[in-house]
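Listing of my_file-v5.csv; format and content: CSV, N, CA and C atoms and all ligand atoms.
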chain,number,residue,atom,x,y,z
A,143,MET,N,27.1,-9.7,-27.1
A,143,MET,CA,27.5,-9.7,-25.7
A,143,MET,C,27.5,-8.2,-25.2
A,144,LEU,N,26.9,-8.0,-24.1
A,144,LEU,CA,26.9,-6.6,-23.6
A,144,LEU,C,28.2,-6.4,-22.8
A,145,PRO,N,28.7,-5.1,-22.9
A,145,PRO,CA,29.9,-4.8,-22.1
A,145,PRO,C,29.6,-4.9,-20.6
A,146,LYS,N,30.6,-5.5,-19.9
A,146,LYS,CA,30.5,-5.7,-18.5
A,146,LYS,C,31.7,-5.1,-17.8
A,147,GLY,N,31.5,-4.5,-16.6
A,147,GLY,CA,32.7,-4.0,-15.9
A,147,GLY,C,32.4,-3.9,-14.5
A,148,LEU,N,33.5,-3.7,-13.7
A,148,LEU,CA,33.3,-3.6,-12.2
A,148,LEU,C,32.9,-2.2,-11.9
A,149,TYR,N,32.1,-2.0,-10.9
A,149,TYR,CA,31.6,-0.7,-10.6
A,149,TYR,C,32.8,0.1,-10.0
A,150,GLU,N,32.9,1.3,-10.5
A,150,GLU,CA,33.9,2.3,-9.9
A,150,GLU,C,33.1,3.4,-9.2
A,151,PRO,N,33.4,3.7,-8.0
A,151,PRO,CA,32.6,4.7,-7.3
A,151,PRO,C,32.7,6.1,-8.0
A,152,ILE,N,31.6,6.7,-8.1
A,152,ILE,CA,31.5,8.1,-8.7
A,152,ILE,C,30.9,9.0,-7.7
A,153,LYS,N,30.9,10.3,-8.0
A,153,LYS,CA,30.5,11.3,-7.0
A,153,LYS,C,29.0,11.3,-6.7
A,154,THR,N,28.2,11.1,-7.7
A,154,THR,CA,26.7,11.1,-7.5
A,154,THR,C,26.3,9.7,-7.2
A,155,GLN,N,25.5,9.5,-6.2
A,155,GLN,CA,25.1,8.2,-5.8
A,155,GLN,C,24.3,7.5,-6.9
A,156,ARG,N,24.6,6.3,-7.2
A,156,ARG,CA,23.7,5.6,-8.2
A,156,ARG,C,23.2,4.3,-7.7
A,157,ASN,N,22.0,4.0,-8.0
A,157,ASN,CA,21.3,2.7,-7.6
A,157,ASN,C,21.0,1.9,-8.9
A,158,CYS,N,20.9,0.6,-8.7
A,158,CYS,CA,20.5,-0.2,-9.8
A,158,CYS,C,19.0,0.0,-9.9
A,159,SER,N,18.5,0.3,-11.1
A,159,SER,CA,17.1,0.7,-11.3
A,159,SER,C,16.2,-0.6,-11.2
A,160,ILE,N,16.8,-1.8,-11.1
A,160,ILE,CA,15.9,-3.0,-11.1
A,160,ILE,C,15.7,-3.4,-9.6
A,161,CYS,N,16.8,-3.5,-8.8
A,161,CYS,CA,16.7,-3.9,-7.4
A,161,CYS,C,16.6,-2.7,-6.5
A,162,LEU,N,17.0,-1.5,-7.0
A,162,LEU,CA,17.0,-0.3,-6.3
A,162,LEU,C,18.0,-0.2,-5.2
A,163,LEU,N,19.0,-1.1,-5.2
A,163,LEU,CA,20.1,-1.0,-4.2
A,163,LEU,C,21.2,-0.2,-4.7
A,164,PRO,N,21.9,0.6,-3.9
A,164,PRO,CA,23.1,1.3,-4.4
A,164,PRO,C,24.2,0.3,-4.8
A,165,PHE,N,24.9,0.7,-5.8
A,165,PHE,CA,26.0,-0.1,-6.3
A,165,PHE,C,27.1,-0.1,-5.3
A,166,LYS,N,27.8,-1.2,-5.2
A,166,LYS,CA,28.9,-1.4,-4.3
A,166,LYS,C,30.2,-1.6,-5.1
A,167,ARG,N,31.3,-1.2,-4.5
A,167,ARG,CA,32.6,-1.4,-5.2
A,167,ARG,C,32.8,-2.9,-5.5
A,168,ASN,N,33.4,-3.1,-6.7
A,168,ASN,CA,33.8,-4.5,-7.2
A,168,ASN,C,32.6,-5.4,-7.5
A,169,VAL,N,31.4,-4.8,-7.7
A,169,VAL,CA,30.3,-5.6,-8.1
A,169,VAL,C,30.3,-5.5,-9.7
A,170,GLN,N,29.9,-6.6,-10.3
A,170,GLN,CA,29.9,-6.6,-11.8
A,170,GLN,C,28.6,-6.0,-12.3
A,171,LEU,N,28.8,-5.0,-13.2
A,171,LEU,CA,27.7,-4.3,-13.9
A,171,LEU,C,27.7,-4.6,-15.3
A,172,THR,N,26.5,-4.5,-15.9
A,172,THR,CA,26.3,-4.6,-17.4
A,172,THR,C,25.8,-3.3,-17.9
A,173,TYR,N,26.5,-2.8,-19.0
A,173,TYR,CA,26.2,-1.5,-19.6
A,173,TYR,C,25.3,-1.8,-20.8
A,174,LEU,N,24.3,-1.0,-21.0
A,174,LEU,CA,23.4,-1.1,-22.1
A,174,LEU,C,23.8,-0.1,-23.2
A,175,PRO,N,23.6,-0.5,-24.5
A,175,PRO,CA,24.1,0.4,-25.6
A,175,PRO,C,23.3,1.7,-25.7
A,176,CYS,N,22.1,1.8,-25.1
A,176,CYS,CA,21.3,3.1,-25.3
A,176,CYS,C,22.0,4.3,-24.7
A,177,ASP,N,22.6,4.1,-23.5
A,177,ASP,CA,23.3,5.2,-22.7
A,177,ASP,C,24.2,4.5,-21.7
A,178,PRO,N,25.5,4.8,-21.6
A,178,PRO,CA,26.3,4.2,-20.7
A,178,PRO,C,25.9,4.4,-19.2
A,179,ARG,N,25.1,5.4,-19.0
A,179,ARG,CA,24.6,5.6,-17.6
A,179,ARG,C,23.5,4.6,-17.3
A,180,HIS,N,23.0,3.9,-18.3
A,180,HIS,CA,22.0,2.9,-18.1
A,180,HIS,C,22.8,1.6,-17.8
A,181,HIS,N,23.2,1.4,-16.6
A,181,HIS,CA,23.9,0.2,-16.3
A,181,HIS,C,23.3,-0.4,-15.0
A,182,PHE,N,23.4,-1.7,-14.9
A,182,PHE,CA,22.7,-2.4,-13.8
A,182,PHE,C,23.6,-3.6,-13.3
A,183,HIS,N,23.2,-4.1,-12.2
A,183,HIS,CA,23.9,-5.3,-11.7
A,183,HIS,C,23.7,-6.4,-12.9
A,184,THR,N,24.8,-7.1,-13.2
A,184,THR,CA,24.7,-8.1,-14.2
A,184,THR,C,23.6,-9.2,-13.8
A,185,TYR,N,23.6,-9.5,-12.5
A,185,TYR,CA,22.6,-10.5,-12.0
A,185,TYR,C,21.2,-10.0,-12.0
A,186,CYS,N,21.0,-8.7,-12.2
A,186,CYS,CA,19.6,-8.1,-12.3
A,186,CYS,C,19.2,-8.0,-13.8
A,187,ILE,N,20.1,-7.5,-14.6
A,187,ILE,CA,19.8,-7.2,-16.0
A,187,ILE,C,19.7,-8.5,-16.8
A,188,GLU,N,20.5,-9.5,-16.6
A,188,GLU,CA,20.4,-10.7,-17.4
A,188,GLU,C,19.1,-11.3,-17.4
A,189,PRO,N,18.5,-11.7,-16.3
A,189,PRO,CA,17.2,-12.3,-16.3
A,189,PRO,C,16.1,-11.3,-16.8
A,190,TRP,N,16.3,-10.0,-16.6
A,190,TRP,CA,15.4,-8.9,-17.1
A,190,TRP,C,15.3,-9.0,-18.6
A,191,LEU,N,16.5,-9.0,-19.2
A,191,LEU,CA,16.5,-9.0,-20.7
A,191,LEU,C,16.0,-10.3,-21.3
A,192,GLU,N,16.1,-11.4,-20.5
A,192,GLU,CA,15.5,-12.6,-21.0
A,192,GLU,C,14.0,-12.6,-21.1
A,193,GLN,N,13.4,-11.9,-20.1
A,193,GLN,CA,12.0,-11.7,-20.1
A,193,GLN,C,11.5,-10.7,-21.1
A,194,ASP,N,12.3,-9.6,-21.2
A,194,ASP,CA,11.9,-8.4,-22.1
A,194,ASP,C,13.1,-7.7,-22.5
A,195,PRO,N,13.5,-7.8,-23.8
A,195,PRO,CA,14.8,-7.3,-24.1
A,195,PRO,C,14.8,-5.7,-24.4
A,196,LYS,N,14.4,-5.0,-23.3
A,196,LYS,CA,14.4,-3.6,-23.4
A,196,LYS,C,15.1,-3.0,-22.2
A,197,CYS,N,15.7,-1.8,-22.4
A,197,CYS,CA,16.3,-1.1,-21.3
A,197,CYS,C,15.2,-0.7,-20.3
A,198,PRO,N,15.4,-1.1,-19.0
A,198,PRO,CA,14.4,-0.7,-17.9
A,198,PRO,C,14.2,0.8,-17.8
A,199,ILE,N,15.1,1.6,-18.2
A,199,ILE,CA,15.0,3.1,-18.0
A,199,ILE,C,14.4,3.7,-19.2
A,200,CYS,N,15.0,3.5,-20.4
A,200,CYS,CA,14.5,4.2,-21.6
A,200,CYS,C,13.7,3.4,-22.6
A,201,LYS,N,13.5,2.1,-22.3
A,201,LYS,CA,12.7,1.2,-23.1
A,201,LYS,C,13.2,0.9,-24.5
A,202,VAL,N,14.4,1.3,-24.7
A,202,VAL,CA,15.0,1.0,-26.1
A,202,VAL,C,15.2,-0.5,-26.2
A,203,MET,N,14.9,-1.1,-27.3
A,203,MET,CA,15.1,-2.5,-27.6
A,203,MET,C,16.6,-2.8,-27.6
A,204,ILE,N,17.1,-3.8,-26.9
A,204,ILE,CA,18.5,-4.2,-26.9
A,204,ILE,C,18.6,-5.3,-28.0
A,205,THR,N,19.1,-4.9,-29.1
A,205,THR,CA,19.3,-5.9,-30.2
A,205,THR,C,20.8,-6.1,-30.4
A,206,SER,N,21.1,-7.2,-31.1
A,206,SER,CA,22.5,-7.5,-31.4
A,206,SER,C,23.1,-6.4,-32.2
A,207,ARG,N,22.2,-5.7,-33.0
A,207,ARG,CA,22.7,-4.6,-33.9
A,207,ARG,C,23.2,-3.4,-33.0
A,208,ASN,N,22.3,-3.0,-32.1
A,208,ASN,CA,22.8,-1.8,-31.3
A,208,ASN,C,23.9,-2.2,-30.3
A,209,VAL,N,23.9,-3.5,-29.9
A,209,VAL,CA,25.0,-3.9,-29.0
A,209,VAL,C,26.4,-3.8,-29.8
A,210,LYS,N,26.3,-4.1,-31.1
A,210,LYS,CA,27.6,-4.1,-31.9
A,210,LYS,C,28.0,-2.6,-32.0
A,211,GLN,N,27.1,-1.7,-32.0
A,211,GLN,CA,27.4,-0.3,-32.2
A,211,GLN,C,27.9,0.4,-30.9
A,212,CYS,N,27.7,-0.3,-29.8
A,212,CYS,CA,28.0,0.5,-28.5
A,212,CYS,C,29.5,0.7,-28.3
A,213,MET,N,29.8,1.6,-27.4
A,213,MET,CA,31.2,2.0,-27.1
A,213,MET,C,31.9,0.9,-26.4
A,214,SER,N,33.2,1.0,-26.4
A,214,SER,CA,34.0,0.1,-25.6
A,214,SER,C,33.8,0.5,-24.1
A,215,LEU,N,34.1,-0.5,-23.3
A,215,LEU,CA,34.0,-0.3,-21.8
A,215,LEU,C,34.7,0.9,-21.3
A,216,GLU,N,35.9,1.2,-21.9
A,216,GLU,CA,36.7,2.3,-21.5
A,216,GLU,C,36.0,3.6,-21.8
A,217,GLU,N,35.5,3.7,-23.1
A,217,GLU,CA,34.7,4.9,-23.5
A,217,GLU,C,33.5,5.1,-22.7
A,218,MET,N,32.8,4.0,-22.3
A,218,MET,CA,31.6,4.1,-21.5
A,218,MET,C,32.0,4.7,-20.1
A,219,ALA,N,33.0,4.1,-19.5
A,219,ALA,CA,33.5,4.5,-18.2
A,219,ALA,C,33.8,6.0,-18.2
A,220,ALA,N,34.5,6.5,-19.3
A,220,ALA,CA,34.9,7.9,-19.4
A,220,ALA,C,33.7,8.7,-19.5
A,221,PHE,N,32.7,8.3,-20.3
A,221,PHE,CA,31.5,9.0,-20.5
A,221,PHE,C,30.7,9.2,-19.2
A,222,VAL,N,30.6,8.1,-18.4
A,222,VAL,CA,29.9,8.1,-17.1
A,222,VAL,C,30.6,9.0,-16.2
A,223,ARG,N,31.9,9.0,-16.1
A,223,ARG,CA,32.7,9.9,-15.2
A,223,ARG,C,32.5,11.4,-15.6
A,224,GLU,N,32.5,11.6,-16.9
A,224,GLU,CA,32.3,13.0,-17.4
A,224,GLU,C,30.9,13.5,-17.0
A,225,LYS,N,29.9,12.7,-17.3
A,225,LYS,CA,28.5,13.1,-16.9
A,225,LYS,C,28.3,13.2,-15.4
A,226,ASP,N,29.0,12.4,-14.7
A,226,ASP,CA,29.0,12.4,-13.2
A,226,ASP,C,29.5,13.7,-12.7
A,227,ASN,N,30.6,14.2,-13.3
A,227,ASN,CA,31.2,15.5,-12.9
A,227,ASN,C,30.2,16.6,-13.2
A,228,GLU,N,29.6,16.6,-14.4
A,228,GLU,CA,28.6,17.6,-14.7
A,228,GLU,C,27.5,17.7,-13.8
A,229,GLU,N,26.9,16.5,-13.5
A,229,GLU,CA,25.8,16.4,-12.6
A,229,GLU,C,26.2,16.9,-11.2
A,230,TYR,N,27.4,16.5,-10.7
A,230,TYR,CA,27.9,16.9,-9.4
A,230,TYR,C,28.0,18.4,-9.3
A,231,GLU,N,28.6,19.0,-10.4
A,231,GLU,CA,28.8,20.4,-10.3
A,231,GLU,C,27.5,21.2,-10.4
A,232,SER,N,26.6,20.7,-11.2
A,232,SER,CA,25.3,21.4,-11.3
A,232,SER,C,24.5,21.2,-9.9
A,233,SER,N,24.7,20.1,-9.3
A,233,SER,CA,24.0,19.9,-8.0
A,233,SER,C,24.6,20.9,-6.9
A,234,ILE,N,25.9,21.1,-7.0
A,234,ILE,CA,26.6,22.1,-6.1
A,234,ILE,C,26.1,23.5,-6.4
A,235,SER,N,26.0,23.9,-7.7
A,235,SER,CA,25.6,25.3,-8.0
A,235,SER,C,24.1,25.5,-7.7
A,236,GLN,N,23.3,24.4,-7.8
A,236,GLN,CA,21.9,24.6,-7.4
A,236,GLN,C,21.8,24.8,-5.9
A,237,ARG,N,22.6,24.1,-5.1
A,237,ARG,CA,22.6,24.2,-3.7
A,237,ARG,C,23.0,25.6,-3.3
A,238,GLY,N,24.0,26.2,-4.1
A,238,GLY,CA,24.5,27.5,-3.8
A,238,GLY,C,23.4,28.6,-4.0
A,239,ILE,N,22.5,28.4,-5.1
A,239,ILE,CA,21.4,29.3,-5.3
A,239,ILE,C,20.4,29.3,-4.2
A,240,ASN,N,20.2,28.1,-3.7
A,240,ASN,CA,19.2,27.9,-2.6
A,240,ASN,C,19.6,28.6,-1.3
A,241,ASN,N,21.0,28.7,-1.1
A,241,ASN,CA,21.4,29.2,0.2
A,241,ASN,C,21.3,30.7,0.3
B,301,ZN,ZN,20.4,-4.7,-9.1
B,302,ZN,ZN,18.5,2.9,-21.7

So that I can check it, write out the structure of this file as structure tokens.
Ligand SMILES: [Zn+2]
Ligand SMILES: [Zn+2]
Amino acid sequence: MLPKGLYEPIKTQRNCSICLLPFKRNVQLTYLPCDPRHHFHTYCIEPWLEQDPKCPICKVMITSRNVKQCMSLEEMAAFVREKDNEEYESSISQRGINN
């Protein structure tokens, strides 16, 4: 079973890479074991994985083995927030250089 959680708003805008729509608050997402930032609407990723059990972003095979090794939902959410802060800060400093 893949970890699922409700979307929490973060600073950098994220879209579902399958339907390309931005995530909305309280929508259920499914996280893939390859990278916690690779998360999608549950209703998008479930039929996707039935067709082709690979991450739509990095093409890693989603197997029961790597699902077992993946982080807990709390660890994933913390990882996503940390990376989000890094990306947000680097986007600010890049804007600063351009000005
Ligand atoms: Zn979607
Ligand atoms: Zn991936």

Can you tell me which residues sit at most 7 Å away from ligand ZN 302 (chain B), counting only C-alpha atoms and all ligand atoms, written as a list in words?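 Checking only C-alpha atoms and all ligand atoms against ligand ZN 302 (chain B) at 7 Å gives Leu174, Cys176, Asp177, His180, Cys197, Pro198, Ile199, Cys200, Lys201 and Val202 of chain A.
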
Check every protein, DNA and RNA residue against ligand ZN 301 (chain B), keep those with an atom at most 6 Å away (counting only C-alpha atoms and all ligand atoms), and present them as a PyMOL selection string. chain A and resi 158+160-161+182-183+186

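A straight line drawn from atom CA of Arg223 of chain A to atom CA of Thr205 of chain A is 25.6 Å long.
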
Can you list, as a PDB file with N, CA and C atoms, keeping the file's coordinate frame, every protein, DNA or RNA residue that comes within 7 Å of Lys153 of chain A when you count only N, CA and C atoms, leaving out same-chain residues fewer than 4 positions away?
ATOM      1  N   ASP A 226      29.000  12.400 -14.700  1.00  0.00           N
ATOM      2  CA  ASP A 226      29.000  12.400 -13.200  1.00  0.00           C
ATOM      3  C   ASP A 226      29.500  13.700 -12.700  1.00  0.00           C
ATOM      4  N   ASN A 227      30.600  14.200 -13.300  1.00  0.00           N
ATOM      5  CA  ASN A 227      31.200  15.500 -12.900  1.00  0.00           C
ATOM      6  C   ASN A 227      30.200  16.600 -13.200  1.00  0.00           C
ATOM      7  N   TYR A 230      27.400  16.500 -10.700  1.00  0.00           N
ATOM      8  CA  TYR A 230      27.900  16.900  -9.400  1.00  0.00           C
ATOM      9  C   TYR A 230      28.000  18.400  -9.300  1.00  0.00           C
TER      10      TYR A 230
END

When you count all atoms listed in the file, which of these residues is closest to Tyr173 of chain A: A:Ile152, A:Leu144, A:Ala220, A:Leu191? A:Leu144

Just give me the gap between atom CA of Glu150 of chain A and atom CA of Cys212 of chain A in Å, one decimal is fine.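 Result for atom CA of Glu150 of chain A versus atom CA of Cys212 of chain A: 19.6 Å, one decimal.
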
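The gap separating atom CA of Lys210 of chain A from atom N of Pro195 of chain A is 16.7 Å, in Å to one decimal.
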
DSSP-assigned strand (DSSP E) members of chain A, reported as a PyMOL selection string: chain A and resi 146-148+170-173+181-183

Going by DSSP on the backbone, which residues of chain A come out as alpha helix (DSSP H)? List them as an NGL selection string. :A and (184-193 or 206-211 or 215-240)

With distances taken over only C-alpha atoms, the candidate from A:Arg156, A:Lys146, A:Phe165, A:Asn208 nearest Arg179 of chain A is A:Arg156

If we count all atoms listed in the file, what is near Tyr149 of chain A at a cut-off of 7 Å, once residues fewer than 2 positions away on the same chain are taken out, given as an NGL selection string? :A and (147 or 151-152 or 165-171)

Minimum-distance residue to Pro178 of chain A, chosen among A:Lys196, A:Met218, A:Ser232, A:Ser206 (using only N, CA and C atoms):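 Between A:Lys196, A:Met218, A:Ser232, A:Ser206, the residue approaching Pro178 of chain A most closely is A:Met218.
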